[in-house]
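This report refers to the structure that appears directly beneath it.
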Amino acid sequence: MILLRALVRVVTFLLLVGLSLAGLAAAVSCIRPGTGPLTIPWAADIAQLPDLRDEVGGWFDDLAADGPVAWKSALSGAAAMALGLLLLAGLVIPRRERLVTLSRGDHGHLVARRRPLGQIACALVEQVRGVTQTKAKVRPRRRGGGTIKVRAERSSSSDEGEVCGRAKDALEELTSAFKLRAKVRARLGEKGSRVE
Amino acid sequence: MPVSTPGPTPTATRAELAKLAARAAAATTGVVRLSAGTPPVHVTDVGGRRLEGVSAVAAEPGRYEVTVCLVALPVALPALAEEIRERVRESARIAGLGDALGAIGVRVEDIVTAPPVGPAP
């Protein structure tokens with residue numbers, strides 16, 4: 001991961017250097033008169049603009065005229081703008097911290113990240129008879145508390161309803177102390193799972 | 001003309017509260033270690049040194065709300081939070097900073113099953 005991050009930084013830096021050099025060349029080309037290097041005709045030749053004009057000239061005519069090409073282009077442009085806005089929003093809007101507020105009062109608050117609560121839920125349900133494996137997901141609510149969804153795998157000799165009931169009982173200690181709601185699903189474990 | 005002794009500056013009070021809260025929380029049974037959090041926001045500058053795992057934020061005038069961010073053992077969290085509050089309040093009272101201490105928040109960053117084993121003495 002550290003190596004990938006370093007690679008991303010190097011590539012980003014090189015791309016930015018390349019982009020700034022290209023921008024500098026374009027800017028100089030725009031202000032220099034004549035037909036030599038670093039002039040507008042030179043930049044147009046480098047970018048193969050004459051060939052491009054020949055290739056897409058017809059399409060530009062269709063775009064200017066009223067018709068399906070114009071509509072498709074307008075819709076594609078709008079979609080690209082919407083995508084850009086979404087990407088900007090993802091970049092600019094800060095991520096909400098996913099903390100579960102367990103209690104709050106004048107004396108202070110008690111909050112926990114989702115992972116430790118999920119770990120506690122798993123540890124509690126794994127002790128239930130008939131359970132072979134557990135996975136827990138905690139979803140915090142904005143006004144405190146939240147929901148704990150536990151997916152338990154059970155042995156074939158156990159009953160689904162019984163396992164769910166016992167798992168909810170096991171979670172009672174955690175859920176009753178705070179405003180947490182437990183949802184338990186028990187399904188038959190895969191072949192090879194054993195009750196531990 | 002009487003000369004009054006200047007009291008501690010707000011920065012000193014904040015740093016002192018953070019230090020004693022960190023000390024009190026770390027000494028509580030069930031606390032494995034303090035953590036700066038994710039993202040690392042629970043950090044206090046104490047005389048140019050980073051004190052990780054505690055933040056002291058100005059609340060009412062002259063009072064600071066202290067939040068302790070920690071990694072705990074699988075214990076009853078409300079009881080753990082209450083014990084930490086008690087210890088921090090007691091430490092602040094002994095240090096003469098009881099009036100400067102506001103609410104005490106506890107943030108559980110992680111739960112580990114066993115405390116880290118250090119090198120043998």
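Residue numbers start at 1 in each chain; chains themselves are named A, B, ... in the order of the structure tokens; ligands are numbered from 1 in the order shown.
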Using DSSP on the backbone coordinates, identify all residues within chain B classified as helix (DSSP H, G or I); present the result as a PyMOL selection string.
chain B and resi 10-26+77-94+98-100
Do you know which residues are at most 6 Å from segment 94-108 of chain A counting only C-alpha atoms, after dropping those on the same chain fewer than 6 positions away, and could you put them as a PyMOL selection string?
(chain A and resi 140+144-145+178) or (chain B and resi 103-105)
Residue among B:Ala95, B:Ala58, B:Val108, B:Ala24 lying closest to chain A, counting only C-alpha atoms:
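So, comparing all the options, the nearest one is B:Val108.
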Just need the residues of chain B within 9 Å of chain A, counting only C-alpha atoms, so spit them out as a list in words.
Thr38, Pro39, Glu65, Val66, Thr67, Pro74, Ala76, Leu77, Pro78, Ala81, Arg85, Gly102, Ala103, Ile104, Gly105, Val106, Arg107, Val108, Glu109, Asp110, Ile111 and Val112 of chain B
Could you write out the selected residues, including N, CA and C atoms, as an mmCIF file, in the first residue's frame?
```cif
data_model
loop_
_atom_site.group_PDB
_atom_site.id
_atom_site.type_symbol
_atom_site.label_atom_id
_atom_site.label_comp_id
_atom_site.auth_asym_id
_atom_site.auth_seq_id
_atom_site.Cartn_x
_atom_site.Cartn_y
_atom_site.Cartn_z
ATOM 1 N N THR B 38 -8.924 7.960 14.312
ATOM 2 C CA THR B 38 -8.875 7.908 12.854
ATOM 3 C C THR B 38 -9.989 8.808 12.308
ATOM 4 N N PRO B 39 -9.715 9.923 11.695
ATOM 5 C CA PRO B 39 -8.422 10.577 11.513
ATOM 6 C C PRO B 39 -7.841 11.032 12.859
ATOM 7 N N GLU B 65 -13.673 20.953 27.626
ATOM 8 C CA GLU B 65 -14.270 19.625 27.474
ATOM 9 C C GLU B 65 -13.153 18.683 27.026
ATOM 10 N N VAL B 66 -12.972 17.642 27.775
ATOM 11 C CA VAL B 66 -11.872 16.717 27.488
ATOM 12 C C VAL B 66 -12.434 15.444 26.861
ATOM 13 N N THR B 67 -11.805 15.001 25.783
ATOM 14 C CA THR B 67 -12.200 13.732 25.173
ATOM 15 C C THR B 67 -11.001 12.803 25.154
ATOM 16 N N PRO B 74 -12.147 -6.014 25.970
ATOM 17 C CA PRO B 74 -13.602 -6.236 25.911
ATOM 18 C C PRO B 74 -14.229 -6.206 27.307
ATOM 19 N N ALA B 76 -17.198 -3.912 29.960
ATOM 20 C CA ALA B 76 -18.440 -3.120 29.873
ATOM 21 C C ALA B 76 -18.062 -1.650 29.641
ATOM 22 N N LEU B 77 -18.450 -1.142 28.487
ATOM 23 C CA LEU B 77 -17.994 0.206 28.110
ATOM 24 C C LEU B 77 -18.578 1.324 28.976
ATOM 25 N N PRO B 78 -19.875 1.265 29.346
ATOM 26 C CA PRO B 78 -20.387 2.361 30.199
ATOM 27 C C PRO B 78 -19.650 2.446 31.530
ATOM 28 N N ALA B 81 -16.219 3.904 30.931
ATOM 29 C CA ALA B 81 -16.279 5.357 30.706
ATOM 30 C C ALA B 81 -16.500 6.090 32.028
ATOM 31 N N ARG B 85 -14.042 8.812 33.841
ATOM 32 C CA ARG B 85 -14.523 10.150 34.250
ATOM 33 C C ARG B 85 -14.198 10.428 35.714
ATOM 34 N N GLY B 102 -14.684 20.520 32.146
ATOM 35 C CA GLY B 102 -16.082 20.409 31.720
ATOM 36 C C GLY B 102 -16.464 18.950 31.539
ATOM 37 N N ALA B 103 -17.238 18.674 30.508
ATOM 38 C CA ALA B 103 -17.665 17.295 30.250
ATOM 39 C C ALA B 103 -16.470 16.452 29.808
ATOM 40 N N ILE B 104 -16.561 15.174 30.111
ATOM 41 C CA ILE B 104 -15.466 14.256 29.733
ATOM 42 C C ILE B 104 -16.028 13.219 28.762
ATOM 43 N N GLY B 105 -15.540 13.273 27.573
ATOM 44 C CA GLY B 105 -16.006 12.328 26.548
ATOM 45 C C GLY B 105 -15.059 11.150 26.451
ATOM 46 N N VAL B 106 -15.614 10.013 26.107
ATOM 47 C CA VAL B 106 -14.789 8.812 25.916
ATOM 48 C C VAL B 106 -15.107 8.254 24.538
ATOM 49 N N ARG B 107 -14.067 8.053 23.773
ATOM 50 C CA ARG B 107 -14.241 7.487 22.430
ATOM 51 C C ARG B 107 -13.492 6.170 22.345
ATOM 52 N N VAL B 108 -14.216 5.116 22.039
ATOM 53 C CA VAL B 108 -13.584 3.791 21.936
ATOM 54 C C VAL B 108 -13.179 3.589 20.483
ATOM 55 N N GLU B 109 -11.898 3.564 20.278
ATOM 56 C CA GLU B 109 -11.363 3.465 18.923
ATOM 57 C C GLU B 109 -11.275 2.013 18.469
ATOM 58 N N ASP B 110 -10.942 1.160 19.404
ATOM 59 C CA ASP B 110 -10.807 -0.247 19.040
ATOM 60 C C ASP B 110 -10.923 -1.101 20.300
ATOM 61 N N ILE B 111 -11.210 -2.375 20.065
ATOM 62 C CA ILE B 111 -11.251 -3.341 21.174
ATOM 63 C C ILE B 111 -10.247 -4.421 20.839
ATOM 64 N N VAL B 112 -9.400 -4.739 21.754
ATOM 65 C CA VAL B 112 -8.466 -5.846 21.516
ATOM 66 C C VAL B 112 -8.688 -6.892 22.602
#
```
Please provide as a PyMOL selection string all residues within 12 Å of Ala26 of chain A, with the sequence filter that same-chain residues fewer than 3 positions apart are discarded (counting only C-alpha atoms).
chain A and resi 19-23+29-32+37-44+46-47
Give the answer as one residue: which of B:His42, B:Arg33, B:Arg14, B:Arg23 has the shortest atom-to-atom distance to Ala59 of chain B, using only C-alpha atoms?
B:Arg14
Would you mind writing down, as JSON, numbers by chain, each residue of segment 11-72 of chain B that DSSP on the backbone assigns to strand (DSSP E)?
{"B": [31, 32, 33, 34, 43, 44, 45, 46, 49, 50, 51, 52, 54, 55, 56, 57, 58, 64, 65, 66, 67, 68, 69, 70, 71, 72]}
Show which residues sit within 9 Å of Ile84 of chain B, as a PyMOL selection string. Count only C-alpha atoms, and ignore same-chain residues fewer than 4 positions away.
chain B and resi 21+24-28+68+79-80+88-89+104+106
Take the selection from the previous step and output its residues with C-alpha atoms, as an mmCIF file, in the first residue's frame.
```cif
data_model
loop_
_atom_site.group_PDB
_atom_site.id
_atom_site.type_symbol
_atom_site.label_atom_id
_atom_site.label_comp_id
_atom_site.auth_asym_id
_atom_site.auth_seq_id
_atom_site.Cartn_x
_atom_site.Cartn_y
_atom_site.Cartn_z
ATOM 1 C CA ALA B 21 -6.684 13.102 31.689
ATOM 2 C CA ALA B 24 -5.751 8.946 34.506
ATOM 3 C CA ALA B 25 -7.306 7.183 31.520
ATOM 4 C CA ALA B 26 -4.189 5.143 30.747
ATOM 5 C CA ALA B 27 -4.092 3.916 34.347
ATOM 6 C CA THR B 28 -7.697 2.670 34.246
ATOM 7 C CA VAL B 68 -10.166 10.603 25.678
ATOM 8 C CA ALA B 79 -18.654 1.266 33.402
ATOM 9 C CA LEU B 80 -15.254 1.866 31.835
ATOM 10 C CA VAL B 88 -10.037 12.345 35.540
ATOM 11 C CA ARG B 89 -12.286 14.410 37.827
ATOM 12 C CA ILE B 104 -15.466 14.256 29.733
ATOM 13 C CA VAL B 106 -14.789 8.812 25.916
#
```
Interatomic distance (Å, one decimal) between atom CA of Arg151 of chain A and atom CA of Lys135 of chain A
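Taking atom CA of Arg151 of chain A as the start and atom CA of Lys135 of chain A as the end point, the length is 5.2 Å.
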With only C-alpha atoms as the counted atoms, please give the residues lying no more than 10 Å from Arg63 of chain B, apart from itself and same-chain residues fewer than 6 positions off, as an mmCIF file with C-alpha atoms, in the first residue's frame.
```
data_model
loop_
_atom_site.group_PDB
_atom_site.id
_atom_site.type_symbol
_atom_site.label_atom_id
_atom_site.label_comp_id
_atom_site.auth_asym_id
_atom_site.auth_seq_id
_atom_site.Cartn_x
_atom_site.Cartn_y
_atom_site.Cartn_z
ATOM 1 C CA PRO B 10 -5.526 29.103 29.087
ATOM 2 C CA THR B 13 -4.621 24.905 31.742
ATOM 3 C CA ARG B 14 -5.604 23.090 28.576
ATOM 4 C CA ALA B 56 -9.166 19.453 25.372
ATOM 5 C CA VAL B 57 -11.600 21.813 23.698
ATOM 6 C CA LEU B 97 -8.207 22.332 38.024
ATOM 7 C CA GLY B 98 -11.603 20.953 39.004
ATOM 8 C CA ASP B 99 -13.356 24.169 38.010
ATOM 9 C CA ALA B 100 -11.710 24.193 34.593
ATOM 10 C CA LEU B 101 -12.879 20.691 33.733
ATOM 11 C CA GLY B 102 -16.082 20.409 31.720
ATOM 12 C CA ALA B 103 -17.665 17.295 30.250
#
```
